[in-house]
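**Q** For reference, the file my_file09.csv (CSV, C-alpha atoms (C1' of nucleotides)) is included below:
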chain,number,residue,atom,x,y,z
A,1,MET,CA,3.7,-11.4,12.5
A,2,ALA,CA,4.4,-7.8,11.8
A,3,ILE,CA,8.1,-8.4,12.5
A,4,GLU,CA,8.1,-11.1,9.8
A,5,ALA,CA,6.4,-8.7,7.4
A,6,TRP,CA,9.0,-6.1,8.2
A,7,ARG,CA,11.9,-8.5,7.4
A,8,ALA,CA,10.1,-9.6,4.3
A,9,LEU,CA,9.9,-5.9,3.3
A,10,LEU,CA,13.6,-5.5,3.7
A,11,GLY,CA,14.4,-8.6,1.8
A,12,ALA,CA,12.0,-8.0,-1.0
A,13,HIS,CA,13.2,-4.4,-1.4
A,14,ALA,CA,16.9,-5.4,-1.4
A,15,THR,CA,16.6,-8.3,-3.8
A,16,ALA,CA,14.1,-6.7,-6.2
A,17,THR,CA,15.8,-3.4,-6.6
A,18,ASP,CA,19.1,-5.2,-7.0
A,19,ARG,CA,17.7,-7.2,-9.9
A,20,ILE,CA,16.0,-4.2,-11.6
A,21,GLU,CA,19.2,-2.1,-11.2
A,22,ALA,CA,21.0,-5.0,-12.9
A,23,MET,CA,18.5,-4.9,-15.8
A,24,LEU,CA,19.0,-1.2,-16.3
A,25,ALA,CA,22.8,-1.5,-16.1
A,26,GLU,CA,22.7,-4.3,-18.7
A,27,ALA,CA,20.8,-2.0,-21.0
A,28,SER,CA,23.4,0.7,-20.4
A,29,LEU,CA,20.7,2.9,-18.8
A,30,PRO,CA,21.0,5.2,-15.7
A,31,SER,CA,20.0,4.0,-12.2
A,32,LEU,CA,16.6,3.9,-10.6
A,33,ALA,CA,17.6,7.1,-8.7
A,34,TRP,CA,18.0,9.1,-11.9
A,35,TYR,CA,14.7,7.8,-13.1
A,36,ASP,CA,13.1,8.8,-9.9
A,37,VAL,CA,14.5,12.3,-10.1
A,38,LEU,CA,13.4,12.8,-13.8
A,39,TRP,CA,10.0,11.3,-13.2
A,40,THR,CA,9.3,13.2,-10.0
A,41,ILE,CA,10.1,16.5,-11.7
A,42,TYR,CA,8.3,15.6,-14.9
A,43,ARG,CA,5.1,14.6,-13.2
A,44,SER,CA,4.9,17.7,-11.0
A,45,PRO,CA,2.1,20.2,-11.8
A,46,ASP,CA,4.3,22.7,-13.5
A,47,LYS,CA,6.8,20.1,-14.8
A,48,GLN,CA,9.4,21.9,-12.7
A,49,LEU,CA,10.4,21.7,-9.0
A,50,ARG,CA,12.5,23.7,-6.6
A,51,HIS,CA,15.5,21.9,-5.3
A,52,PHE,CA,14.1,21.5,-1.8
A,53,GLU,CA,10.7,20.2,-3.1
A,54,LEU,CA,12.6,17.4,-4.8
A,55,ALA,CA,14.5,16.7,-1.7
A,56,ASP,CA,11.2,16.4,0.2
A,57,GLU,CA,9.9,13.8,-2.2
A,58,MET,CA,13.0,11.8,-2.3
A,59,VAL,CA,14.6,10.5,0.9
A,60,MET,CA,18.0,12.1,0.5
A,61,SER,CA,20.2,14.8,2.0
A,62,ARG,CA,20.4,18.2,0.4
A,63,SER,CA,24.1,17.8,-0.4
A,64,GLY,CA,23.7,14.4,-1.9
A,65,LEU,CA,20.8,15.6,-4.1
A,66,SER,CA,22.8,18.6,-5.1
A,67,ARG,CA,25.7,16.5,-6.5
A,68,MET,CA,23.3,14.1,-8.1
A,69,ILE,CA,21.7,16.9,-9.9
A,70,ASP,CA,25.1,18.1,-11.0
A,71,ARG,CA,25.6,14.7,-12.7
A,72,ILE,CA,22.2,14.4,-14.2
A,73,GLN,CA,22.6,18.0,-15.6
A,74,ALA,CA,26.0,17.1,-16.9
A,75,ALA,CA,24.3,14.3,-18.8
A,76,GLY,CA,22.0,16.9,-20.3
A,77,LEU,CA,18.8,15.4,-18.9
A,78,ILE,CA,17.7,18.2,-16.7
A,79,GLU,CA,18.3,22.0,-16.6
A,80,ARG,CA,18.5,24.5,-13.8
A,81,ARG,CA,16.5,27.6,-14.4
A,82,SER,CA,16.9,30.7,-12.3
A,83,CYS,CA,13.9,31.3,-10.1
A,84,PRO,CA,12.4,34.8,-10.5
A,85,SER,CA,10.7,34.9,-7.1
A,86,ASP,CA,13.7,33.8,-5.1
A,87,ARG,CA,17.1,34.5,-6.3
A,88,ARG,CA,18.7,32.0,-4.0
A,89,GLY,CA,16.8,29.1,-5.6
A,90,GLN,CA,16.3,27.6,-9.0
A,91,HIS,CA,13.7,25.5,-10.8
A,92,LEU,CA,14.7,22.1,-12.1
A,93,ALA,CA,13.1,21.0,-15.3
A,94,VAL,CA,13.5,17.9,-17.5
A,95,THR,CA,15.1,18.6,-20.9
A,96,GLU,CA,13.9,17.1,-24.2
A,97,ALA,CA,16.8,14.6,-23.8
A,98,GLY,CA,15.6,13.8,-20.3
A,99,GLN,CA,12.1,13.1,-21.5
A,100,GLU,CA,13.5,10.8,-24.2
A,101,MET,CA,15.5,9.1,-21.5
A,102,LEU,CA,12.3,8.5,-19.5
A,103,ARG,CA,10.7,6.9,-22.5
A,104,LYS,CA,13.8,4.7,-23.0
A,105,MET,CA,14.0,3.6,-19.4
A,106,TRP,CA,10.4,2.9,-18.7
A,107,PRO,CA,10.0,-0.3,-20.7
A,108,VAL,CA,13.0,-1.8,-19.0
A,109,TYR,CA,11.9,-0.6,-15.6
A,110,GLU,CA,8.4,-1.8,-16.1
A,111,ALA,CA,9.6,-5.2,-17.3
A,112,GLY,CA,11.7,-5.4,-14.1
A,113,ILE,CA,8.7,-4.6,-11.9
A,114,THR,CA,6.6,-7.1,-13.6
A,115,GLU,CA,9.1,-9.9,-13.5
A,116,HIS,CA,10.5,-9.3,-10.0
A,117,PHE,CA,7.5,-7.9,-8.2
A,118,ALA,CA,4.1,-7.7,-9.9
A,119,THR,CA,3.7,-11.3,-10.8
A,120,LEU,CA,4.7,-12.4,-7.4
A,121,VAL,CA,2.4,-10.2,-5.3
A,122,GLY,CA,-0.4,-11.0,-7.8
A,123,ASP,CA,-3.9,-10.4,-6.5
A,124,ASP,CA,-2.5,-9.0,-3.2
A,125,ALA,CA,-1.1,-6.0,-4.9
A,126,GLY,CA,-4.1,-3.9,-3.8
A,127,VAL,CA,-3.8,-4.8,-0.2
A,128,VAL,CA,0.0,-4.5,-0.2
A,129,GLY,CA,-0.1,-1.1,-1.9
A,130,GLU,CA,-2.6,0.3,0.5
A,131,ALA,CA,-0.7,-0.9,3.5
A,132,LEU,CA,2.6,0.4,2.4
A,133,ARG,CA,1.1,3.7,1.4
A,134,ARG,CA,-0.1,4.0,5.0
A,135,VAL,CA,3.4,3.4,6.2
A,136,GLU,CA,5.0,6.0,4.0
A,137,ASP,CA,2.3,8.6,4.7
A,138,ALA,CA,2.6,8.1,8.4
A,139,CYS,CA,6.4,8.4,8.3
A,140,ARG,CA,6.2,11.5,6.2
A,141,ALA,CA,3.6,13.0,8.6
A,142,ARG,CA,5.9,12.3,11.5
A,143,ALA,CA,9.0,13.7,9.8
A,144,PRO,CA,8.6,17.3,10.9
A,145,LYS,CA,7.8,16.2,14.4
A,146,CYS,CA,10.9,14.1,14.5
A,147,ALA,CA,13.0,17.0,13.3
A,148,GLU,CA,11.4,19.2,15.8
A,149,ALA,CA,12.0,16.7,18.6
A,150,ALA,CA,15.6,16.3,17.5
A,151,SER,CA,16.2,20.0,17.6
A,152,ALA,CA,14.5,20.3,20.9
A,153,THR,CA,17.0,18.0,22.5
A,154,HIS,CA,19.8,20.4,21.6
B,1,MET,CA,-2.2,-1.4,-9.6
B,2,ALA,CA,1.0,-3.4,-9.2
B,3,ILE,CA,3.0,-0.4,-10.3
B,4,GLU,CA,1.5,1.7,-7.5
B,5,ALA,CA,2.2,-1.1,-5.0
B,6,TRP,CA,5.8,-1.1,-6.2
B,7,ARG,CA,6.1,2.7,-5.7
B,8,ALA,CA,4.6,2.3,-2.3
B,9,LEU,CA,7.2,-0.4,-1.5
B,10,LEU,CA,10.0,2.0,-2.4
B,11,GLY,CA,8.5,4.9,-0.5
B,12,ALA,CA,7.7,2.8,2.6
B,13,HIS,CA,11.1,1.2,2.7
B,14,ALA,CA,12.9,4.5,2.3
B,15,THR,CA,11.0,6.5,4.9
B,16,ALA,CA,10.6,3.7,7.5
B,17,THR,CA,14.3,2.7,7.4
B,18,ASP,CA,15.3,6.3,7.5
B,19,ARG,CA,13.3,6.8,10.7
B,20,ILE,CA,14.4,3.6,12.3
B,21,GLU,CA,18.1,4.4,11.5
B,22,ALA,CA,17.5,7.8,13.1
B,23,MET,CA,16.2,6.2,16.3
B,24,LEU,CA,19.2,3.9,16.5
B,25,ALA,CA,21.6,6.8,15.9
B,26,GLU,CA,19.9,8.8,18.6
B,27,ALA,CA,20.4,6.0,21.0
B,28,SER,CA,24.1,5.9,20.0
B,29,LEU,CA,23.7,2.4,18.6
B,30,PRO,CA,25.1,0.9,15.4
B,31,SER,CA,23.1,0.8,12.1
B,32,LEU,CA,20.6,-1.6,10.9
B,33,ALA,CA,23.3,-3.2,8.7
B,34,TRP,CA,25.3,-4.2,11.7
B,35,TYR,CA,22.3,-5.6,13.4
B,36,ASP,CA,21.5,-7.6,10.3
B,37,VAL,CA,25.0,-9.1,10.3
B,38,LEU,CA,25.0,-9.9,14.0
B,39,TRP,CA,21.6,-11.4,13.9
B,40,THR,CA,22.1,-13.4,10.7
B,41,ILE,CA,25.2,-15.0,12.1
B,42,TYR,CA,23.7,-15.5,15.6
B,43,ARG,CA,20.5,-17.2,14.4
B,44,SER,CA,22.3,-19.6,12.0
B,45,PRO,CA,22.3,-23.3,13.0
B,46,ASP,CA,25.9,-23.4,14.3
B,47,LYS,CA,25.9,-19.7,15.4
B,48,GLN,CA,28.7,-19.2,12.9
B,49,LEU,CA,28.8,-18.6,9.2
B,50,ARG,CA,31.4,-18.5,6.4
B,51,HIS,CA,32.0,-15.2,4.8
B,52,PHE,CA,30.3,-16.2,1.6
B,53,GLU,CA,27.2,-17.6,3.3
B,54,LEU,CA,26.7,-14.2,5.0
B,55,ALA,CA,27.1,-12.5,1.6
B,56,ASP,CA,24.4,-14.7,0.2
B,57,GLU,CA,22.0,-13.8,2.9
B,58,MET,CA,22.7,-10.1,2.7
B,59,VAL,CA,22.4,-8.3,-0.6
B,60,MET,CA,25.9,-6.9,-0.7
B,61,SER,CA,29.2,-7.3,-2.6
B,62,ARG,CA,32.0,-9.5,-1.2
B,63,SER,CA,34.3,-6.6,-0.8
B,64,GLY,CA,31.8,-4.4,0.9
B,65,LEU,CA,31.0,-7.1,3.3
B,66,SER,CA,34.7,-7.8,3.9
B,67,ARG,CA,35.3,-4.2,5.0
B,68,MET,CA,32.1,-4.0,7.0
B,69,ILE,CA,33.2,-7.1,8.9
B,70,ASP,CA,36.5,-5.4,9.5
B,71,ARG,CA,34.7,-2.6,11.3
B,72,ILE,CA,32.4,-4.8,13.3
B,73,GLN,CA,35.3,-6.9,14.4
B,74,ALA,CA,37.3,-3.8,15.3
B,75,ALA,CA,34.3,-2.9,17.5
B,76,GLY,CA,34.7,-6.3,19.2
B,77,LEU,CA,31.3,-7.6,18.2
B,78,ILE,CA,32.3,-10.6,16.0
B,79,GLU,CA,35.4,-12.7,15.7
B,80,ARG,CA,37.0,-14.5,12.8
B,81,ARG,CA,37.8,-18.1,13.5
B,82,SER,CA,40.1,-20.0,11.2
B,83,CYS,CA,38.2,-22.8,9.4
B,84,PRO,CA,39.8,-26.2,9.7
B,85,SER,CA,38.2,-27.7,6.6
B,86,ASP,CA,39.2,-24.9,4.3
B,87,ARG,CA,42.2,-22.8,5.0
B,88,ARG,CA,41.1,-20.1,2.6
B,89,GLY,CA,38.1,-19.3,4.6
B,90,GLN,CA,37.0,-18.5,8.1
B,91,HIS,CA,34.1,-18.8,10.4
B,92,LEU,CA,32.4,-15.6,11.7
B,93,ALA,CA,30.9,-15.8,15.1
B,94,VAL,CA,29.3,-13.3,17.4
B,95,THR,CA,31.3,-12.5,20.5
B,96,GLU,CA,29.8,-12.0,24.0
B,97,ALA,CA,29.9,-8.3,23.4
B,98,GLY,CA,28.1,-8.8,20.1
B,99,GLN,CA,25.3,-10.7,21.8
B,100,GLU,CA,25.1,-8.0,24.4
B,101,MET,CA,24.8,-5.5,21.5
B,102,LEU,CA,22.0,-7.5,20.0
B,103,ARG,CA,20.1,-7.3,23.3
B,104,LYS,CA,20.7,-3.6,23.5
B,105,MET,CA,19.6,-2.9,20.0
B,106,TRP,CA,16.6,-5.0,19.7
B,107,PRO,CA,14.2,-3.0,21.9
B,108,VAL,CA,15.0,0.2,20.0
B,109,TYR,CA,14.7,-1.6,16.7
B,110,GLU,CA,11.4,-3.3,17.7
B,111,ALA,CA,10.0,0.0,18.9
B,112,GLY,CA,10.9,1.5,15.5
B,113,ILE,CA,9.2,-1.3,13.6
B,114,THR,CA,6.1,-1.0,15.7
B,115,GLU,CA,5.9,2.7,15.5
B,116,HIS,CA,6.8,3.1,11.8
B,117,PHE,CA,5.5,-0.1,10.3
B,118,ALA,CA,3.6,-2.6,12.4
B,119,THR,CA,0.8,-0.3,13.6
B,120,LEU,CA,0.3,1.0,10.0
B,121,VAL,CA,0.0,-2.3,8.2
B,122,GLY,CA,-2.1,-3.6,11.0
B,123,ASP,CA,-4.3,-6.6,10.1
B,124,ASP,CA,-2.8,-6.7,6.6
B,125,ALA,CA,0.6,-7.8,8.0
B,126,GLY,CA,-0.1,-11.4,7.2
B,127,VAL,CA,-0.9,-10.7,3.6
B,128,VAL,CA,1.9,-8.2,3.1
B,129,GLY,CA,4.4,-10.6,4.7
B,130,GLU,CA,3.4,-13.5,2.5
B,131,ALA,CA,3.4,-11.4,-0.7
B,132,LEU,CA,6.8,-9.9,0.0
B,133,ARG,CA,8.3,-13.2,0.9
B,134,ARG,CA,7.2,-14.5,-2.5
B,135,VAL,CA,9.0,-11.6,-4.1
B,136,GLU,CA,12.2,-12.2,-2.2
B,137,ASP,CA,12.2,-16.0,-2.7
B,138,ALA,CA,11.6,-15.6,-6.4
B,139,CYS,CA,14.4,-13.0,-6.8
B,140,ARG,CA,16.8,-15.3,-4.9
B,141,ALA,CA,15.8,-18.3,-7.0
B,142,ARG,CA,16.5,-16.3,-10.1
B,143,ALA,CA,19.8,-15.0,-8.8
B,144,PRO,CA,22.0,-17.9,-10.0
B,145,LYS,CA,20.2,-17.9,-13.3
B,146,CYS,CA,20.9,-14.2,-13.8
B,147,ALA,CA,24.6,-14.6,-12.9
B,148,GLU,CA,24.8,-17.4,-15.4
B,149,ALA,CA,23.0,-15.4,-18.1
B,150,ALA,CA,25.4,-12.5,-17.4
B,151,SER,CA,28.4,-14.7,-17.7
B,152,ALA,CA,27.0,-16.3,-20.8
B,153,THR,CA,27.0,-13.0,-22.6
B,154,HIS,CA,30.8,-12.7,-22.2
C,1,DA,C1',52.8,-36.0,-8.2
C,2,DG,C1',51.8,-31.9,-11.0
C,3,DA,C1',49.1,-28.8,-13.5
C,4,DC,C1',44.8,-26.4,-14.2
C,5,DG,C1',40.3,-24.2,-13.5
C,6,DG,C1',37.4,-22.4,-10.0
C,7,DT,C1',36.4,-20.4,-5.3
C,8,DC,C1',37.3,-17.6,-0.9
C,9,DG,C1',38.4,-13.5,0.9
C,10,DT,C1',41.2,-9.0,0.6
C,11,DT,C1',43.0,-4.7,-1.5
C,12,DG,C1',43.5,-0.4,-4.8
C,13,DC,C1',40.8,2.6,-7.0
C,14,DT,C1',36.7,5.2,-8.2
C,15,DT,C1',32.2,6.8,-7.2
C,16,DG,C1',28.4,8.2,-4.3
C,17,DT,C1',26.5,10.0,0.2
C,18,DG,C1',25.9,12.5,4.7
C,19,DC,C1',27.4,16.0,8.0
C,20,DA,C1',29.0,20.4,9.0
C,21,DA,C1',30.3,24.8,7.5
C,22,DC,C1',29.6,28.3,4.3
C,23,DC,C1',27.6,32.2,1.2
C,24,DA,C1',23.6,34.4,-0.9
C,25,DC,C1',19.3,35.7,-0.2
C,26,DT,C1',14.7,36.4,2.0
C,27,DT,C1',11.7,37.7,5.9
C,28,DG,C1',10.2,39.9,10.0
C,29,DG,C1',10.8,43.4,13.6
C,30,DC,C1',12.4,47.9,14.9
D,1,DG,C1',16.0,51.6,5.8
D,2,DC,C1',18.4,48.4,8.5
D,3,DC,C1',19.7,44.6,11.2
D,4,DA,C1',19.0,39.9,13.0
D,5,DA,C1',17.3,35.3,12.2
D,6,DG,C1',16.2,31.9,9.2
D,7,DT,C1',16.2,29.4,4.6
D,8,DG,C1',18.0,27.6,-0.1
D,9,DG,C1',21.7,25.5,-2.2
D,10,DT,C1',26.9,24.4,-2.7
D,11,DT,C1',31.5,22.8,-1.0
D,12,DG,C1',35.2,20.4,2.1
D,13,DC,C1',35.8,16.4,4.3
D,14,DA,C1',35.2,11.7,6.0
D,15,DC,C1',33.4,7.4,5.1
D,16,DA,C1',31.0,3.4,2.9
D,17,DA,C1',30.3,0.5,-1.3
D,18,DG,C1',31.2,-1.7,-5.8
D,19,DC,C1',34.4,-3.3,-9.6
D,20,DA,C1',38.4,-5.4,-11.0
D,21,DA,C1',42.5,-7.6,-9.9
D,22,DC,C1',45.1,-10.3,-6.8
D,23,DG,C1',47.1,-14.2,-3.7
D,24,DA,C1',45.9,-18.3,-1.4
D,25,DC,C1',43.8,-22.4,-1.5
D,26,DC,C1',40.6,-26.4,-3.1
D,27,DG,C1',39.2,-30.2,-6.2
D,28,DT,C1',39.9,-32.7,-10.3
D,29,DC,C1',42.0,-34.8,-14.2
D,30,DT,C1',45.9,-36.9,-16.3
Starting from the file, lay out its structure as structure tokens.

**A**
Amino acid sequence: MAIEAWRALLGAHATATDRIEAMLAEASLPSLAWYDVLWTIYRSPDKQLRHFELADEMVMSRSGLSRMIDRIQAAGLIERRSCPSDRRGQHLAVTEAGQEMLRKMWPVYEAGITEHFATLVGDDAGVVGEALRRVEDACRARAPKCAEAASATH
Amino acid sequence: MAIEAWRALLGAHATATDRIEAMLAEASLPSLAWYDVLWTIYRSPDKQLRHFELADEMVMSRSGLSRMIDRIQAAGLIERRSCPSDRRGQHLAVTEAGQEMLRKMWPVYEAGITEHFATLVGDDAGVVGEALRRVEDACRARAPKCAEAASATH
DNA sequence: AGACGGTCGTTGCTTGTGCAACCACTTGGC
DNA sequence: GCCAAGTGGTTGCACAAGCAACGACCGTCT
């Protein structure tokens, strides 16, 4: 039962993201990953995040994120601000153009979610959301333990 | 509501697959993608699939799949058999070593699903599975239409 | 039979990602 | 104050994936 649910999760994720990415590409808009970066920074309390805070929220390696930020910055959508309290680091903030991009992308993204996900899950959205949030939270809670276990083996 | 469920899907998928991949890597086993290929071929009616049939089941480009199959074949886990009825194509079949690999991977994979997914969704597994299957089925049903629509714009 | 459009699978090229190594900097102990 | 250990972010390298183009082949129509 749970195994089938897991396979359904894999299938639904793969197909739905594929379709939504296609919709964004068709509208000549950036990928979901860029949207996630912009939105994650923008919705944060101070509307700015440290590099590692962003890496924690996204499931991605430091180096991959570093280069991705290079590209998004090159597109003018975010800016790197030097961080006064730690000269190693920097704050990432969404530029005006980045906010404009969020406004342009959201209608397309939302339409994709509605068409390829929301109408299908229908009344079960509440249950599905709750269940999947438990999965994510538990995985995140375990993350440090896993890292610790991994380092302990060395 | 559905939007939160969508974000939960993204988060749960990213974190859970990340953990399970880590478990497989720790056991010096191939990735989930390889398992999916082996299992998809093995469970098919004739225990063999054409290249394009496999591409349809997986969400992946033809070229990406072609190279992936190169690697899996190089590892000795599948074999390419010439197809009598169509000399362009070939049948893909799981070798004895490939079946052995499936048997070695499954306990690790299953433990990962249980630990990072099954116990968290718990009694909601049925509802979640049903809902996500609807999403996948609908996306797949739309796939040809999308391709057709895309080609129609050219 | 011969030609033509469409399909199957591979290859060159470009892009994106992770790992390991690295520098710059901070933090804690002496 | 200073040194060692640890952290934040970037870079070199290897590898995986998609797009476009290609060669081989199928099916159909004349």

**Q** I need the residue nearest chain D from this list: A:Arg71, A:Arg50, A:Arg140, A:Arg133. Use all atoms listed in the file for the distance.

**A**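 Among the listed residues, the smallest separation from chain D belongs to A:Arg50.
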
**Q** Might you pull out every residue within 10 Å of region 103-108 of chain A, with all atoms listed in the file counted and same-chain residues fewer than 2 positions away left off, and present them as a list in words?

**A**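 Result of the neighbour search: Ile20, Glu21, Met23, Leu24, Ala27, Ser28, Leu29, Pro30, Ser31, Leu32, Tyr35, Ala97, Gly98, Gln99, Glu100, Met101, Glu110, Ala111, Gly112, Ile113 and Thr114 of chain A.
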
**Q** Just the number, please: distance in Å from CA of Cys83 (chain A) to CA of Lys47 (chain A), one decimal.

**A**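 CA of Cys83 (chain A) sits 14.1 Å away from CA of Lys47 (chain A).
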
**Q** What residues in chain A have any atom no more than 12 Å from chain D when counting all atoms listed in the file, and can you write them as a ChimeraX atom specification?

**A** /A:50-53,55,61-67,69-70,83,86-91

**Q** What separation in Å, quoted to one decimal, exists between CA of Gly76 (chain B) and CA of Thr95 (chain B)?

**A**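 Taking CA of Gly76 (chain B) and CA of Thr95 (chain B), their separation equals 7.2 Å.
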
**Q** Identify which of the residues A:Ala22, A:Arg7, A:Met60, A:Thr40 lies closest to chain C, counting only C-alpha atoms (C1' of nucleotides) when measuring atom-to-atom distances.

**A** A:Met60

**Q** Could the residues of chain B that have an atom at most 9 Å from chain A be listed as CSV, each with its closest atom pair and the distance in Å to one decimal, counting all atoms listed in the file and ordered by chain and ascending residue number?

**A**
residue,atom,partner,partner_atom,distance
B:Met1,CA,A:Gly126,CA,6.6
B:Ala2,CA,A:Ala118,CA,5.3
B:Ile3,CA,A:Ile113,CA,7.3
B:Glu4,CA,A:Gly129,CA,6.5
B:Ala5,CA,A:Gly129,CA,3.9
B:Trp6,CA,A:Phe117,CA,7.3
B:Arg7,CA,A:Gly129,CA,8.2
B:Ala8,CA,A:Arg133,CA,5.3
B:Leu9,CA,A:Leu132,CA,6.1
B:Leu10,CA,A:His13,CA,7.2
B:Gly11,CA,A:Glu136,CA,5.8
B:Ala12,CA,A:Glu136,CA,4.4
B:His13,CA,A:Leu10,CA,7.2
B:Ala14,CA,A:Val59,CA,6.4
B:Thr15,CA,A:Cys139,CA,6.0
B:Ala16,CA,A:Cys139,CA,6.4
B:Asp18,CA,A:Val59,CA,7.9
B:Arg19,CA,A:Cys139,CA,7.5
B:Glu26,CA,A:Ala150,CA,8.7
B:Met58,CA,A:Gly11,CA,8.5
B:Val59,CA,A:Ala14,CA,6.3
B:Glu110,CA,A:Ile3,CA,8.0
B:Ile113,CA,A:Trp6,CA,7.2
B:Thr114,CA,A:Ala2,CA,8.0
B:His116,CA,A:Cys139,CA,6.4
B:Phe117,CA,A:Val135,CA,5.8
B:Ala118,CA,A:Ala2,CA,5.3
B:Thr119,CA,A:Ala2,CA,8.5
B:Leu120,CA,A:Val135,CA,5.5
B:Val121,CA,A:Ala131,CA,5.0
B:Gly122,CA,A:Ala2,CA,7.8
B:Asp123,CA,A:Ala2,CA,8.9
B:Asp124,CA,A:Ala131,CA,6.9
B:Ala125,CA,A:Ala2,CA,5.4
B:Gly126,CA,A:Met1,CA,6.5
B:Val127,CA,A:Asp124,CA,7.2
B:Val128,CA,A:Val128,CA,5.3
B:Gly129,CA,A:Ala5,CA,3.9
B:Glu130,CA,A:Ala5,CA,7.5
B:Ala131,CA,A:Val121,CA,4.9
B:Leu132,CA,A:Ala8,CA,5.4
B:Arg133,CA,A:Ala8,CA,5.3
B:Arg134,CA,A:Leu120,CA,5.9
B:Val135,CA,A:Leu120,CA,5.5
B:Glu136,CA,A:Ala12,CA,4.4
B:Asp137,CA,A:Ala12,CA,8.2
B:Ala138,CA,A:His116,CA,7.3
B:Cys139,CA,A:Thr15,CA,6.0
B:Arg140,CA,A:Thr15,CA,7.1
B:Ala143,CA,A:Arg19,CA,8.2
B:Cys146,CA,A:Arg19,CA,8.6
B:Ala150,CA,A:Glu26,CA,8.7

**Q** Could you check how far CA of Ala93 (chain B) sits from CA of Ala141 (chain B), in Å to one decimal?

**A**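 Atom-to-atom, CA of Ala93 (chain B) and CA of Ala141 (chain B) are spaced 26.9 Å apart.
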
**Q** Could you list the residues in chain C lying within 10 Å of chain B, using all atoms listed in the file, and format the result as a list in words?

**A**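 That gives the following set of residues: DT7, DC8, DG9, DT10 and DT11 of chain C.
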
**Q** Would you mind putting back N, CA and C atoms on region 16-31 of chain B, then writing it out as a JSON list (two decimals), in the frame of the given file?

**A**
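Wrote it out as rebuild_0.json, contents follow:
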[["chain", "number", "residue", "atom", "x", "y", "z"],
["B", 16, "ALA", "N", 10.63, 4.48, 6.19],
["B", 16, "ALA", "CA", 10.60, 3.70, 7.50],
["B", 16, "ALA", "C", 12.07, 3.42, 7.90],
["B", 17, "THR", "N", 12.92, 2.95, 6.98],
["B", 17, "THR", "CA", 14.30, 2.70, 7.40],
["B", 17, "THR", "C", 15.00, 3.94, 7.83],
["B", 18, "ASP", "N", 14.70, 5.03, 7.15],
["B", 18, "ASP", "CA", 15.30, 6.30, 7.50],
["B", 18, "ASP", "C", 14.94, 6.65, 8.97],
["B", 19, "ARG", "N", 13.69, 6.50, 9.34],
["B", 19, "ARG", "CA", 13.30, 6.80, 10.70],
["B", 19, "ARG", "C", 13.89, 5.89, 11.73],
["B", 20, "ILE", "N", 13.90, 4.60, 11.39],
["B", 20, "ILE", "CA", 14.40, 3.60, 12.30],
["B", 20, "ILE", "C", 15.93, 3.84, 12.53],
["B", 21, "GLU", "N", 16.63, 4.12, 11.43],
["B", 21, "GLU", "CA", 18.10, 4.40, 11.50],
["B", 21, "GLU", "C", 18.27, 5.63, 12.44],
["B", 22, "ALA", "N", 17.40, 6.61, 12.30],
["B", 22, "ALA", "CA", 17.50, 7.80, 13.10],
["B", 22, "ALA", "C", 17.33, 7.47, 14.60],
["B", 23, "MET", "N", 16.38, 6.57, 14.89],
["B", 23, "MET", "CA", 16.20, 6.20, 16.30],
["B", 23, "MET", "C", 17.40, 5.47, 16.84],
["B", 24, "LEU", "N", 18.00, 4.60, 16.03],
["B", 24, "LEU", "CA", 19.20, 3.90, 16.50],
["B", 24, "LEU", "C", 20.34, 4.88, 16.71],
["B", 25, "ALA", "N", 20.51, 5.80, 15.76],
["B", 25, "ALA", "CA", 21.60, 6.80, 15.90],
["B", 25, "ALA", "C", 21.40, 7.63, 17.13],
["B", 26, "GLU", "N", 20.16, 7.99, 17.39],
["B", 26, "GLU", "CA", 19.90, 8.80, 18.60],
["B", 26, "GLU", "C", 20.24, 8.10, 19.86],
["B", 27, "ALA", "N", 20.09, 6.78, 19.84],
["B", 27, "ALA", "CA", 20.40, 6.00, 21.00],
["B", 27, "ALA", "C", 21.91, 5.59, 21.00],
["B", 28, "SER", "N", 22.69, 6.19, 20.07],
["B", 28, "SER", "CA", 24.10, 5.90, 20.00],
["B", 28, "SER", "C", 24.37, 4.40, 19.72],
["B", 29, "LEU", "N", 23.54, 3.81, 18.88],
["B", 29, "LEU", "CA", 23.70, 2.40, 18.60],
["B", 29, "LEU", "C", 24.09, 2.26, 17.10],
["B", 30, "PRO", "N", 24.67, 1.11, 16.75],
["B", 30, "PRO", "CA", 25.10, 0.90, 15.40],
["B", 30, "PRO", "C", 23.88, 0.86, 14.41],
["B", 31, "SER", "N", 24.19, 0.78, 13.14],
["B", 31, "SER", "CA", 23.10, 0.80, 12.10],
["B", 31, "SER", "C", 22.42, -0.48, 11.95]]
